[in-house]
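File shown: model_1.cif (mmCIF, C-alpha atoms).
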```cif
data_work
#
loop_
_atom_site.group_PDB
_atom_site.id
_atom_site.type_symbol
_atom_site.label_atom_id
_atom_site.label_comp_id
_atom_site.auth_asym_id
_atom_site.auth_seq_id
_atom_site.Cartn_x
_atom_site.Cartn_y
_atom_site.Cartn_z
ATOM 1 C CA MET A 29 20.218 1.615 10.570
ATOM 2 C CA SER A 30 23.578 3.268 11.264
ATOM 3 C CA ALA A 31 26.272 1.514 13.289
ATOM 4 C CA THR A 32 25.413 3.744 16.249
ATOM 5 C CA ALA A 33 21.706 3.054 15.915
ATOM 6 C CA ALA A 34 22.343 -0.676 15.571
ATOM 7 C CA ALA A 35 24.446 -0.645 18.736
ATOM 8 C CA ALA A 36 21.743 1.272 20.580
ATOM 9 C CA PHE A 37 19.101 -1.158 19.347
ATOM 10 C CA HIS A 38 21.201 -4.112 20.495
ATOM 11 C CA SER A 39 21.825 -2.413 23.842
ATOM 12 C CA SER A 40 18.128 -1.796 24.391
ATOM 13 C CA LEU A 41 17.394 -5.446 23.720
ATOM 14 C CA ARG A 42 20.088 -6.548 26.166
ATOM 15 C CA MET A 43 18.829 -4.187 28.874
ATOM 16 C CA SER A 44 15.276 -5.396 28.360
ATOM 17 C CA SER A 45 16.315 -9.026 28.700
ATOM 18 C CA GLN A 46 18.585 -8.382 31.703
ATOM 19 C CA GLN A 47 15.892 -6.481 33.547
ATOM 20 C CA GLN A 48 13.510 -9.429 33.248
ATOM 21 C CA PRO A 49 15.714 -12.522 32.904
ATOM 22 C CA ASN A 50 13.140 -14.972 34.220
ATOM 23 C CA ILE A 51 10.056 -13.719 32.398
ATOM 24 C CA PRO A 52 8.448 -16.638 30.522
ATOM 25 C CA LEU A 53 8.422 -16.494 26.741
ATOM 26 C CA SER A 54 4.675 -15.919 26.752
ATOM 27 C CA ALA A 55 5.314 -12.473 28.218
ATOM 28 C CA LYS A 56 7.505 -11.553 25.272
ATOM 29 C CA PRO A 57 6.041 -10.420 21.923
ATOM 30 C CA LYS A 58 3.824 -13.293 20.898
ATOM 31 C CA THR A 59 5.180 -15.637 18.234
ATOM 32 C CA LYS A 60 2.978 -17.416 15.742
ATOM 33 C CA THR A 61 4.982 -20.638 16.158
ATOM 34 C CA PRO A 62 5.488 -21.559 19.866
ATOM 35 C CA LEU A 63 9.229 -21.873 20.366
ATOM 36 C CA GLN A 64 8.730 -24.593 23.006
ATOM 37 C CA ASP A 65 7.403 -26.779 20.206
ATOM 38 C CA HIS A 66 10.137 -25.771 17.801
ATOM 39 C CA PRO A 67 12.625 -28.571 16.865
ATOM 40 C CA LEU A 68 15.522 -26.207 17.558
ATOM 41 C CA TYR A 69 14.380 -25.368 21.076
ATOM 42 C CA PRO A 70 17.144 -26.428 23.510
ATOM 43 C CA GLN A 71 15.576 -29.538 24.974
ATOM 44 C CA ALA A 72 18.127 -29.796 27.789
ATOM 45 C CA HIS A 73 17.215 -26.401 29.291
ATOM 46 C CA THR A 74 14.078 -25.196 31.016
ATOM 47 C CA HIS A 75 14.772 -21.605 30.017
ATOM 48 C CA LEU A 76 16.050 -20.035 26.841
ATOM 49 C CA SER A 77 19.540 -18.610 26.991
ATOM 50 C CA LEU A 78 19.778 -14.857 27.314
ATOM 51 C CA GLN A 79 21.283 -14.577 23.834
ATOM 52 C CA PHE A 80 18.530 -16.687 22.325
ATOM 53 C CA LYS A 81 15.892 -14.565 24.076
ATOM 54 C CA GLU A 82 17.490 -11.447 22.664
ATOM 55 C CA LYS A 83 17.483 -12.956 19.194
ATOM 56 C CA VAL A 84 13.824 -13.913 19.411
ATOM 57 C CA LEU A 85 12.934 -10.433 20.646
ATOM 58 C CA CYS A 86 15.006 -8.867 17.867
ATOM 59 C CA LEU A 87 13.129 -10.850 15.204
ATOM 60 C CA GLU A 88 9.747 -10.058 16.699
ATOM 61 C CA VAL A 89 10.571 -6.336 16.950
ATOM 62 C CA LEU A 90 11.415 -6.457 13.251
ATOM 63 C CA GLY A 91 7.987 -7.967 12.589
ATOM 64 C CA VAL A 92 9.316 -11.428 11.782
ATOM 65 C CA ASP A 93 7.675 -14.626 13.067
ATOM 66 C CA SER A 94 10.680 -15.983 14.961
ATOM 67 C CA GLY A 95 9.443 -19.572 15.114
ATOM 68 C CA ARG A 96 8.844 -19.693 11.386
ATOM 69 C CA ALA A 97 12.141 -17.962 10.626
ATOM 70 C CA LEU A 98 14.122 -20.387 12.784
ATOM 71 C CA SER A 99 12.364 -23.317 11.163
ATOM 72 C CA GLN A 100 13.089 -22.114 7.641
ATOM 73 C CA ASN A 101 16.639 -21.015 8.437
ATOM 74 C CA PRO A 102 18.188 -23.175 11.201
ATOM 75 C CA ALA A 103 21.459 -21.234 10.854
ATOM 76 C CA LEU A 104 19.735 -18.418 12.739
ATOM 77 C CA GLN A 105 20.085 -20.412 15.951
ATOM 78 C CA THR A 106 23.819 -19.826 16.048
ATOM 79 C CA ALA A 107 23.924 -16.437 14.297
ATOM 80 C CA SER A 108 25.055 -13.590 16.552
ATOM 81 C CA LEU A 109 22.989 -10.488 17.162
ATOM 82 C CA ASN A 110 25.894 -8.448 15.855
ATOM 83 C CA SER A 111 25.775 -10.262 12.526
ATOM 84 C CA ILE A 112 21.994 -9.819 12.305
ATOM 85 C CA ASN A 113 22.306 -6.111 13.079
ATOM 86 C CA SER A 114 25.006 -5.831 10.416
ATOM 87 C CA ILE A 115 22.583 -7.225 7.858
ATOM 88 C CA ILE A 116 19.888 -4.780 8.948
ATOM 89 C CA SER A 117 22.304 -1.850 8.795
ATOM 90 C CA PHE A 118 23.424 -2.888 5.316
ATOM 91 C CA LEU A 119 19.854 -3.092 4.043
ATOM 92 C CA HIS A 120 19.123 0.331 5.486
ATOM 93 C CA SER A 121 22.174 1.692 3.690
ATOM 94 C CA LYS A 122 20.654 0.473 0.432
ATOM 95 C CA GLY A 123 17.423 2.357 1.013
ATOM 96 C CA ILE A 124 15.350 -0.397 2.624
ATOM 97 C CA HIS A 125 13.083 1.066 5.315
ATOM 98 C CA GLN A 126 12.596 -0.383 8.776
ATOM 99 C CA LYS A 127 8.906 -0.964 8.025
ATOM 100 C CA ASP A 128 9.861 -3.130 5.024
ATOM 101 C CA LEU A 129 11.925 -5.609 7.017
ATOM 102 C CA GLY A 130 9.043 -7.651 8.440
ATOM 103 C CA LYS A 131 7.842 -8.598 4.982
ATOM 104 C CA ILE A 132 11.273 -9.027 3.401
ATOM 105 C CA LEU A 133 12.907 -11.030 6.191
ATOM 106 C CA GLY A 134 9.729 -12.929 7.013
ATOM 107 C CA MET A 135 9.504 -14.121 3.424
ATOM 108 C CA CYS A 136 13.225 -14.868 3.157
ATOM 109 C CA PRO A 137 14.779 -15.448 6.603
ATOM 110 C CA LYS A 138 17.842 -16.807 4.819
ATOM 111 C CA ILE A 139 18.840 -13.171 4.273
ATOM 112 C CA LEU A 140 19.554 -12.814 7.999
ATOM 113 C CA THR A 141 22.498 -15.228 7.790
ATOM 114 C CA SER A 142 23.770 -14.133 4.394
ATOM 115 C CA ASN A 143 27.278 -12.853 3.785
ATOM 116 C CA ILE A 144 27.133 -9.159 2.959
ATOM 117 C CA ARG A 145 30.217 -9.209 0.737
ATOM 118 C CA THR A 146 29.575 -12.424 -1.204
ATOM 119 C CA ASP A 147 25.779 -12.712 -1.121
ATOM 120 C CA LEU A 148 23.984 -9.393 -0.670
ATOM 121 C CA ASN A 149 26.279 -6.793 -2.178
ATOM 122 C CA PRO A 150 26.445 -8.689 -5.520
ATOM 123 C CA VAL A 151 22.624 -8.559 -5.743
ATOM 124 C CA PHE A 152 22.573 -4.782 -5.501
ATOM 125 C CA LYS A 153 25.445 -4.601 -7.968
ATOM 126 C CA PHE A 154 23.397 -6.792 -10.321
ATOM 127 C CA LEU A 155 20.384 -4.502 -9.961
ATOM 128 C CA SER A 156 22.512 -1.480 -10.711
ATOM 129 C CA GLU A 157 24.748 -2.779 -13.498
ATOM 130 C CA ASP A 158 22.629 -5.443 -15.196
ATOM 131 C CA LEU A 159 19.138 -4.002 -14.745
ATOM 132 C CA SER A 160 20.078 -0.295 -14.630
ATOM 133 C CA VAL A 161 18.187 0.262 -11.383
ATOM 134 C CA PRO A 162 19.247 3.510 -9.660
ATOM 135 C CA GLN A 163 20.026 3.274 -5.954
ATOM 136 C CA HIS A 164 16.941 5.263 -4.963
ATOM 137 C CA SER A 165 14.816 2.544 -6.573
ATOM 138 C CA PHE A 166 16.434 -0.450 -4.832
ATOM 139 C CA ARG A 167 13.685 -0.414 -2.210
ATOM 140 C CA ARG A 168 10.928 -0.608 -4.800
ATOM 141 C CA VAL A 169 12.544 -3.597 -6.528
ATOM 142 C CA ILE A 170 13.317 -5.530 -3.325
ATOM 143 C CA ASN A 171 9.843 -4.967 -1.911
ATOM 144 C CA LYS A 172 8.409 -6.305 -5.154
ATOM 145 C CA CYS A 173 10.509 -9.462 -4.956
ATOM 146 C CA PRO A 174 12.371 -10.066 -1.649
ATOM 147 C CA ARG A 175 13.623 -13.390 -3.015
ATOM 148 C CA LEU A 176 16.152 -11.455 -5.065
ATOM 149 C CA LEU A 177 18.196 -11.024 -1.885
ATOM 150 C CA ALA A 178 18.202 -14.769 -1.286
ATOM 151 C CA SER A 179 19.302 -15.643 -4.834
ATOM 152 C CA SER A 180 22.780 -16.242 -6.175
ATOM 153 C CA VAL A 181 23.767 -13.714 -8.818
ATOM 154 C CA ARG A 182 26.098 -16.151 -10.538
ATOM 155 C CA ASP A 183 23.938 -19.272 -10.361
ATOM 156 C CA GLN A 184 20.428 -17.794 -10.597
ATOM 157 C CA LEU A 185 19.934 -14.145 -11.477
ATOM 158 C CA LYS A 186 22.375 -13.759 -14.359
ATOM 159 C CA PRO A 187 21.444 -17.082 -16.055
ATOM 160 C CA ALA A 188 17.735 -16.191 -15.798
ATOM 161 C CA LEU A 189 18.336 -12.708 -17.208
ATOM 162 C CA PHE A 190 20.410 -14.119 -20.060
ATOM 163 C CA TYR A 191 17.690 -16.680 -20.925
ATOM 164 C CA LEU A 192 14.903 -14.112 -20.785
ATOM 165 C CA GLN A 193 16.823 -11.666 -22.951
ATOM 166 C CA ARG A 194 17.439 -14.391 -25.512
ATOM 167 C CA LEU A 195 13.691 -14.975 -25.631
ATOM 168 C CA GLY A 196 13.100 -11.295 -26.322
ATOM 169 C CA PHE A 197 12.614 -9.660 -22.925
ATOM 170 C CA GLN A 198 14.429 -6.406 -23.627
ATOM 171 C CA ASP A 199 12.637 -4.013 -21.275
ATOM 172 C CA LEU A 200 14.937 -4.018 -18.243
ATOM 173 C CA GLY A 201 12.574 -1.732 -16.377
ATOM 174 C CA ALA A 202 9.735 -4.219 -16.723
ATOM 175 C CA LEU A 203 11.951 -7.059 -15.505
ATOM 176 C CA ALA A 204 13.098 -5.041 -12.515
ATOM 177 C CA TYR A 205 9.867 -3.425 -11.389
ATOM 178 C CA GLN A 206 7.097 -5.709 -12.658
ATOM 179 C CA ASP A 207 8.344 -9.165 -13.593
ATOM 180 C CA SER A 208 11.275 -9.635 -11.208
ATOM 181 C CA ILE A 209 9.751 -12.954 -10.112
ATOM 182 C CA LEU A 210 11.028 -14.326 -13.428
ATOM 183 C CA LEU A 211 14.607 -13.591 -12.394
ATOM 184 C CA VAL A 212 14.327 -15.857 -9.360
ATOM 185 C CA SER A 213 12.614 -18.638 -11.353
ATOM 186 C CA ASN A 214 14.789 -21.629 -12.201
ATOM 187 C CA VAL A 215 15.535 -21.693 -15.927
ATOM 188 C CA GLU A 216 15.781 -25.477 -16.302
ATOM 189 C CA LYS A 217 13.018 -26.443 -13.866
ATOM 190 C CA THR A 218 10.490 -23.652 -14.381
ATOM 191 C CA LEU A 219 10.941 -21.389 -17.405
ATOM 192 C CA ILE A 220 11.898 -23.931 -20.054
ATOM 193 C CA PRO A 221 9.222 -26.506 -19.010
ATOM 194 C CA LYS A 222 6.464 -23.870 -19.111
ATOM 195 C CA LEU A 223 7.490 -22.854 -22.614
ATOM 196 C CA LYS A 224 7.630 -26.462 -23.752
ATOM 197 C CA TYR A 225 4.173 -27.074 -22.281
ATOM 198 C CA LEU A 226 2.734 -24.295 -24.413
ATOM 199 C CA GLU A 227 4.411 -25.805 -27.454
ATOM 200 C CA GLY A 228 2.877 -29.134 -26.497
ATOM 201 C CA LEU A 229 -0.589 -27.571 -26.717
ATOM 202 C CA GLY A 230 -0.012 -26.996 -30.400
ATOM 203 C CA PHE A 231 1.702 -23.629 -30.533
ATOM 204 C CA SER A 232 4.883 -23.224 -32.508
ATOM 205 C CA ARG A 233 8.046 -22.173 -30.706
ATOM 206 C CA SER A 234 7.744 -18.599 -31.961
ATOM 207 C CA GLU A 235 4.054 -18.465 -31.031
ATOM 208 C CA ALA A 236 4.771 -19.741 -27.505
ATOM 209 C CA VAL A 237 7.562 -17.200 -27.078
ATOM 210 C CA GLY A 238 5.272 -14.457 -28.336
ATOM 211 C CA MET A 239 2.680 -15.454 -25.743
ATOM 212 C CA VAL A 240 5.072 -15.229 -22.780
ATOM 213 C CA LEU A 241 6.428 -11.930 -24.047
ATOM 214 C CA ARG A 242 2.890 -10.577 -24.155
ATOM 215 C CA CYS A 243 1.956 -12.137 -20.819
ATOM 216 C CA PRO A 244 5.062 -12.859 -18.674
ATOM 217 C CA GLY A 245 2.829 -14.232 -15.949
ATOM 218 C CA LEU A 246 2.521 -17.437 -17.984
ATOM 219 C CA PHE A 247 5.951 -18.367 -16.630
ATOM 220 C CA THR A 248 4.584 -18.277 -13.079
ATOM 221 C CA TYR A 249 1.430 -20.369 -13.491
ATOM 222 C CA SER A 250 1.152 -23.995 -12.422
ATOM 223 C CA VAL A 251 0.742 -26.490 -15.229
ATOM 224 C CA GLU A 252 -1.485 -28.799 -13.176
ATOM 225 C CA ASN A 253 -3.547 -26.165 -11.358
ATOM 226 C CA ASN A 254 -3.783 -23.491 -14.025
ATOM 227 C CA PHE A 255 -2.862 -24.393 -17.577
ATOM 228 C CA LYS A 256 -4.466 -27.844 -17.777
ATOM 229 C CA PRO A 257 -7.930 -27.125 -16.302
ATOM 230 C CA LYS A 258 -8.271 -23.799 -18.105
ATOM 231 C CA PHE A 259 -7.108 -25.178 -21.435
ATOM 232 C CA GLU A 260 -9.457 -28.150 -21.133
ATOM 233 C CA TYR A 261 -12.392 -25.879 -20.375
ATOM 234 C CA PHE A 262 -11.442 -23.556 -23.212
ATOM 235 C CA GLY A 263 -11.299 -26.378 -25.726
ATOM 236 C CA GLU A 264 -14.097 -28.641 -24.530
ATOM 237 C CA GLU A 265 -16.699 -26.185 -23.246
ATOM 238 C CA MET A 266 -15.888 -22.907 -24.982
ATOM 239 C CA LYS A 267 -14.863 -24.560 -28.279
ATOM 240 C CA GLY A 268 -12.120 -21.992 -28.563
ATOM 241 C CA SER A 269 -9.191 -22.006 -30.974
ATOM 242 C CA LEU A 270 -5.445 -21.812 -30.472
ATOM 243 C CA GLU A 271 -5.478 -18.606 -32.468
ATOM 244 C CA GLU A 272 -7.622 -16.943 -29.803
ATOM 245 C CA LEU A 273 -5.214 -17.951 -27.053
ATOM 246 C CA LYS A 274 -2.243 -16.858 -29.107
ATOM 247 C CA GLU A 275 -3.787 -13.417 -29.428
ATOM 248 C CA PHE A 276 -5.003 -13.310 -25.824
ATOM 249 C CA PRO A 277 -2.705 -15.396 -23.590
ATOM 250 C CA GLN A 278 -3.965 -13.365 -20.621
ATOM 251 C CA TYR A 279 -6.859 -15.847 -20.610
ATOM 252 C CA PHE A 280 -4.776 -17.998 -18.242
ATOM 253 C CA SER A 281 -4.513 -15.168 -15.716
ATOM 254 C CA PHE A 282 -8.253 -15.146 -14.965
ATOM 255 C CA SER A 283 -9.923 -17.358 -12.386
ATOM 256 C CA LEU A 284 -11.641 -20.347 -13.949
ATOM 257 C CA GLU A 285 -14.390 -20.574 -11.331
ATOM 258 C CA LYS A 286 -14.902 -16.885 -10.590
ATOM 259 C CA ARG A 287 -14.535 -15.290 -14.004
ATOM 260 C CA ILE A 288 -14.141 -17.649 -16.975
ATOM 261 C CA LYS A 289 -16.984 -20.089 -16.300
ATOM 262 C CA PRO A 290 -19.585 -17.534 -15.116
ATOM 263 C CA ARG A 291 -18.920 -15.220 -18.032
ATOM 264 C CA HIS A 292 -18.976 -18.053 -20.560
ATOM 265 C CA ILE A 293 -22.208 -19.470 -19.152
ATOM 266 C CA ALA A 294 -23.779 -16.008 -19.264
ATOM 267 C CA THR A 295 -22.935 -15.654 -22.959
ATOM 268 C CA LEU A 296 -24.406 -19.078 -23.671
ATOM 269 C CA LYS A 297 -27.651 -18.201 -21.909
ATOM 270 C CA SER A 298 -27.914 -14.902 -23.716
ATOM 271 C CA GLY A 299 -27.108 -16.460 -27.081
ATOM 272 C CA VAL A 300 -24.565 -13.771 -27.933
ATOM 273 C CA THR A 301 -20.948 -14.079 -28.957
ATOM 274 C CA VAL A 302 -18.451 -11.944 -27.069
ATOM 275 C CA PRO A 303 -14.761 -11.802 -28.054
ATOM 276 C CA LEU A 304 -12.544 -13.480 -25.482
ATOM 277 C CA PRO A 305 -10.695 -10.306 -24.350
ATOM 278 C CA ALA A 306 -13.934 -8.343 -23.926
ATOM 279 C CA MET A 307 -15.591 -11.222 -22.119
ATOM 280 C CA LEU A 308 -12.872 -11.484 -19.478
ATOM 281 C CA LYS A 309 -11.371 -8.007 -19.188
ATOM 282 C CA SER A 310 -14.601 -6.032 -18.872
ATOM 283 C CA THR A 311 -16.088 -5.067 -15.531
ATOM 284 C CA ASP A 312 -19.366 -6.661 -14.476
ATOM 285 C CA GLU A 313 -21.265 -3.597 -15.651
ATOM 286 C CA GLU A 314 -19.442 -3.498 -18.977
ATOM 287 C CA PHE A 315 -19.987 -7.210 -19.476
ATOM 288 C CA MET A 316 -23.738 -6.952 -18.867
ATOM 289 C CA GLU A 317 -23.884 -4.067 -21.323
ATOM 290 C CA LEU A 318 -22.130 -6.226 -23.933
ATOM 291 C CA ILE A 319 -24.702 -8.933 -23.363
ATOM 292 C CA ARG A 320 -27.546 -6.464 -23.802
ATOM 293 C CA GLN A 321 -25.993 -5.099 -26.977
ATOM 294 C CA GLY A 322 -25.562 -8.561 -28.454
ATOM 295 C CA GLY A 323 -21.827 -8.972 -27.954
ATOM 296 C CA GLY A 324 -20.520 -5.849 -29.676
#
```
Reformat the file's structure so that it appears as C-alpha cells.
Amino acid sequence: MSATAAAAFHSSLRMSSQQQPNIPLSAKPKTKTPLQDHPLYPQAHTHLSLQFKEKVLCLEVLGVDSGRALSQNPALQTASLNSINSIISFLHSKGIHQKDLGKILGMCPKILTSNIRTDLNPVFKFLSEDLSVPQHSFRRVINKCPRLLASSVRDQLKPALFYLQRLGFQDLGALAYQDSILLVSNVEKTLIPKLKYLEGLGFSRSEAVGMVLRCPGLFTYSVENNFKPKFEYFGEEMKGSLEELKEFPQYFSFSLEKRIKPRHIATLKSGVTVPLPAMLKSTDEEFMELIRQGGG
C-alpha cells in the first residue's frame, strides 16, 4: 500500500466511524472474540473510543480477528493507526499482497507493533543476504512462515541458520522455501533436544544427524505426542529395527492411527512382508496391490 493509498484507507475508516459514531460494535464486522469480554476493553466506558473503533475496523478489514490479535499483542491497544498503516505499507513494498495480510498478521499480530527499521527490515535483509532469496520471492517465503517477521535476526534467525548449516543443511533454497519453520525454532529448546532424543533411542550422533537431514520435519515433531508412541509401536508391535528407521526416518511423519497401524495390521492379516517405505508411502490402491502380490 503506497503512502497515498494508506492515507486514503485511513481516511475512509475515519469517515465510516464518524458517520455512525454510536453504532454498537455488533453492527461492525463481526469479531470472533467479543471485545466486550476482552480484558483490554475499557471498563470505565460504555462505548469504545473513536480511535479504538477505527483500529478494530482496520484489523477486521485486513481479515484479522481483532479480539484475538489484541489478546496476543496488548501493545496494539495503544498503537496508532498511522503506525499500523506504516507497517502495512512496508509489507506491500516488499511484495506482500493485501490478501496475504489476514493470514500473516492473524498468525503473528506482534508484527503490527514492530519497528520497521530494527525489526522488520533486518528480516528481509536476512532473507536476501543470508538465504539468497530474491525480492520477488519474499512473498512466497513469508507466506510459508509468517513467524519469520516476528523473529529476531540476531537472537533467533542467524543462530538457527548457523546451527543448521553446521549440521549439514547446505541447501539455502530448501531452508527458505520448504523448511523455514526450522529457522524460527529455538536451537537450545527445540533443535538440540530433538537430536539428543534420537540419539537416546540408540542412534549414533552421525546417524541422528543423517536422519534429520533426510527428513527435516523430525525437528518439528513432538517427543511426547509423536516420537514416543510411534517408536513404541514400531518396536513392540512391528518388531522393527533401528536400521529401518535410519533408512526411512519419514516413518515419524505418518499418522499412527490412520496410516501406520491399519497398514501394519493389514500386512499381518495377509501374512506378507512389505518394506516400511512401500507400506507407508503407497496409495491405498498400490498398497492393496502389494498385498495381493505378496509384498513385492
Within 8 Å of region 125-142 of chain A using all atoms listed in the file, minus same-chain residues under 6 positions, as a PyMOL selection string | chain A and resi 90-93+97-98+100-101+103-104+107+111-112+115+148+167+170-171+174-175+177-178
For C-alpha atoms, I'd like the residues from the last selection saved as a PDB file, in the frame of the given file.
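Wrote result-v4.pdb, looks like this:
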```pdb
ATOM      1  CA  LEU A  90      11.415  -6.457  13.251  1.00  0.00           C
ATOM      2  CA  GLY A  91       7.987  -7.967  12.589  1.00  0.00           C
ATOM      3  CA  VAL A  92       9.316 -11.428  11.782  1.00  0.00           C
ATOM      4  CA  ASP A  93       7.675 -14.626  13.067  1.00  0.00           C
ATOM      5  CA  ALA A  97      12.141 -17.962  10.626  1.00  0.00           C
ATOM      6  CA  LEU A  98      14.122 -20.387  12.784  1.00  0.00           C
ATOM      7  CA  GLN A 100      13.089 -22.114   7.641  1.00  0.00           C
ATOM      8  CA  ASN A 101      16.639 -21.015   8.437  1.00  0.00           C
ATOM      9  CA  ALA A 103      21.459 -21.234  10.854  1.00  0.00           C
ATOM     10  CA  LEU A 104      19.735 -18.418  12.739  1.00  0.00           C
ATOM     11  CA  ALA A 107      23.924 -16.437  14.297  1.00  0.00           C
ATOM     12  CA  SER A 111      25.775 -10.262  12.526  1.00  0.00           C
ATOM     13  CA  ILE A 112      21.994  -9.819  12.305  1.00  0.00           C
ATOM     14  CA  ILE A 115      22.583  -7.225   7.858  1.00  0.00           C
ATOM     15  CA  LEU A 148      23.984  -9.393  -0.670  1.00  0.00           C
ATOM     16  CA  ARG A 167      13.685  -0.414  -2.210  1.00  0.00           C
ATOM     17  CA  ILE A 170      13.317  -5.530  -3.325  1.00  0.00           C
ATOM     18  CA  ASN A 171       9.843  -4.967  -1.911  1.00  0.00           C
ATOM     19  CA  PRO A 174      12.371 -10.066  -1.649  1.00  0.00           C
ATOM     20  CA  ARG A 175      13.623 -13.390  -3.015  1.00  0.00           C
ATOM     21  CA  LEU A 177      18.196 -11.024  -1.885  1.00  0.00           C
ATOM     22  CA  ALA A 178      18.202 -14.769  -1.286  1.00  0.00           C
TER      23      ALA A 178
END
```
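Comparing the minimum interatomic distances between Glu285 (chain A) and each of A:Lys309, A:Ser232, A:Lys258, A:Arg194, counting only C-alpha atoms, we find that A:Lys258 sits nearest.
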Do you know which residues are at most 12 Å from region 200-217 of chain A counting all atoms listed in the file, after dropping those on the same chain fewer than 2 positions away, and could you put them as number ranges by chain?
-> A: 151-152, 154-162, 165-193, 195-198, 219-224, 240-249
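When the PyMOL selection byres ((chain A and resi 295-308) around 7) is evaluated against the file, it yields A:Phe276, A:Arg287, A:Ile288, A:Arg291, A:His292, A:Ile293, A:Ala294, A:Lys309, A:Ser310, A:Phe315, A:Ile319, A:Gly322, A:Gly323, A:Gly324.
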Quick one: pull the distance between CA of Gly238 (chain A) and CA of Glu264 (chain A), Å, one decimal.
-> 24.3 Å
List every protein, DNA or RNA residue with an atom no more than 12 Å from (19.5, -13.9, 18.9) in the file's coordinates, counting all atoms listed in the file, and format the result as JSON, numbers by chain.
-> {"A": [38, 41, 42, 45, 76, 77, 78, 79, 80, 81, 82, 83, 84, 85, 86, 87, 88, 89, 94, 97, 98, 103, 104, 105, 106, 107, 108, 109, 110, 111, 112, 113, 140, 141]}
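Of the residues listed (A:Lys274, A:Phe231, A:Asp312, A:Tyr225), A:Tyr225 shows the shortest atom-to-atom separation from Lys256 (chain A); distances use all atoms listed in the file.
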Between A:Asn143, A:Ser99, A:Asn254, A:Gln278, which is the closest to Ser114 (chain A) once you count all atoms listed in the file?
-> A:Asn143
Hey, can you check how far CA of Ser250 (chain A) sits from CA of Ser281 (chain A)?
-> 11.0 Å
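Taking CA of Leu270 (chain A) as the reference point, CA of Gly230 (chain A) is found at 7.5 Å.
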Using all atoms listed in the file, find the one residue out of A:Glu235, A:Glu314, A:Asp147, A:Glu252 that sits nearest to Glu275 (chain A).
-> A:Glu235
To box region 299-306 of chain A, take all atoms listed in the file, fit an axis-aligned box, add 4 Å on each side, and give centre and edge lengths in Å to one decimal, as AutoDock Vina command-line options.
```
--center_x -18.9 --center_y -12.4 --center_z -26.4 --size_x 24.4 --size_y 16.1 --size_z 13.0
```
Taking N, CA and C atoms as the atom set, what does region 201-217 of chain A look like once completed, written as a PDB file, in the frame of the given file?
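What landed in selection.pdb:
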```
ATOM      1  N   GLY A 201      13.436  -2.330 -17.387  1.00  0.00           N
ATOM      2  CA  GLY A 201      12.574  -1.732 -16.377  1.00  0.00           C
ATOM      3  C   GLY A 201      11.429  -2.651 -15.992  1.00  0.00           C
ATOM      4  N   ALA A 202      10.837  -3.289 -16.986  1.00  0.00           N
ATOM      5  CA  ALA A 202       9.735  -4.219 -16.723  1.00  0.00           C
ATOM      6  C   ALA A 202      10.222  -5.409 -15.907  1.00  0.00           C
ATOM      7  N   LEU A 203      11.404  -5.920 -16.243  1.00  0.00           N
ATOM      8  CA  LEU A 203      11.951  -7.059 -15.505  1.00  0.00           C
ATOM      9  C   LEU A 203      12.261  -6.676 -14.067  1.00  0.00           C
ATOM     10  N   ALA A 204      12.724  -5.472 -13.857  1.00  0.00           N
ATOM     11  CA  ALA A 204      13.098  -5.041 -12.515  1.00  0.00           C
ATOM     12  C   ALA A 204      11.888  -4.719 -11.651  1.00  0.00           C
ATOM     13  N   TYR A 205      10.953  -3.965 -12.198  1.00  0.00           N
ATOM     14  CA  TYR A 205       9.867  -3.425 -11.389  1.00  0.00           C
ATOM     15  C   TYR A 205       8.556  -4.202 -11.452  1.00  0.00           C
ATOM     16  N   GLN A 206       8.369  -4.997 -12.502  1.00  0.00           N
ATOM     17  CA  GLN A 206       7.097  -5.709 -12.658  1.00  0.00           C
ATOM     18  C   GLN A 206       7.250  -7.228 -12.653  1.00  0.00           C
ATOM     19  N   ASP A 207       8.223  -7.720 -13.391  1.00  0.00           N
ATOM     20  CA  ASP A 207       8.344  -9.165 -13.593  1.00  0.00           C
ATOM     21  C   ASP A 207       9.600  -9.752 -12.962  1.00  0.00           C
ATOM     22  N   SER A 208      10.049  -9.163 -11.854  1.00  0.00           N
ATOM     23  CA  SER A 208      11.275  -9.635 -11.208  1.00  0.00           C
ATOM     24  C   SER A 208      11.164 -11.069 -10.714  1.00  0.00           C
ATOM     25  N   ILE A 209       9.937 -11.560 -10.517  1.00  0.00           N
ATOM     26  CA  ILE A 209       9.751 -12.954 -10.112  1.00  0.00           C
ATOM     27  C   ILE A 209      10.368 -13.904 -11.127  1.00  0.00           C
ATOM     28  N   LEU A 210      10.436 -13.477 -12.395  1.00  0.00           N
ATOM     29  CA  LEU A 210      11.028 -14.326 -13.428  1.00  0.00           C
ATOM     30  C   LEU A 210      12.520 -14.511 -13.206  1.00  0.00           C
ATOM     31  N   LEU A 211      13.166 -13.517 -12.617  1.00  0.00           N
ATOM     32  CA  LEU A 211      14.607 -13.591 -12.394  1.00  0.00           C
ATOM     33  C   LEU A 211      14.974 -14.592 -11.313  1.00  0.00           C
ATOM     34  N   VAL A 212      14.042 -14.881 -10.415  1.00  0.00           N
ATOM     35  CA  VAL A 212      14.327 -15.857  -9.360  1.00  0.00           C
ATOM     36  C   VAL A 212      13.689 -17.211  -9.681  1.00  0.00           C
ATOM     37  N   SER A 213      13.195 -17.364 -10.908  1.00  0.00           N
ATOM     38  CA  SER A 213      12.614 -18.638 -11.353  1.00  0.00           C
ATOM     39  C   SER A 213      13.706 -19.475 -12.002  1.00  0.00           C
ATOM     40  N   ASN A 214      13.758 -20.741 -11.655  1.00  0.00           N
ATOM     41  CA  ASN A 214      14.789 -21.629 -12.201  1.00  0.00           C
ATOM     42  C   ASN A 214      14.582 -21.835 -13.698  1.00  0.00           C
ATOM     43  N   VAL A 215      15.635 -21.594 -14.469  1.00  0.00           N
ATOM     44  CA  VAL A 215      15.535 -21.693 -15.927  1.00  0.00           C
ATOM     45  C   VAL A 215      15.191 -23.112 -16.358  1.00  0.00           C
ATOM     46  N   GLU A 216      15.963 -24.085 -15.861  1.00  0.00           N
ATOM     47  CA  GLU A 216      15.781 -25.477 -16.302  1.00  0.00           C
ATOM     48  C   GLU A 216      14.517 -26.119 -15.744  1.00  0.00           C
ATOM     49  N   LYS A 217      14.139 -25.765 -14.516  1.00  0.00           N
ATOM     50  CA  LYS A 217      13.018 -26.443 -13.866  1.00  0.00           C
ATOM     51  C   LYS A 217      11.681 -25.707 -13.999  1.00  0.00           C
TER      52      LYS A 217
END
```
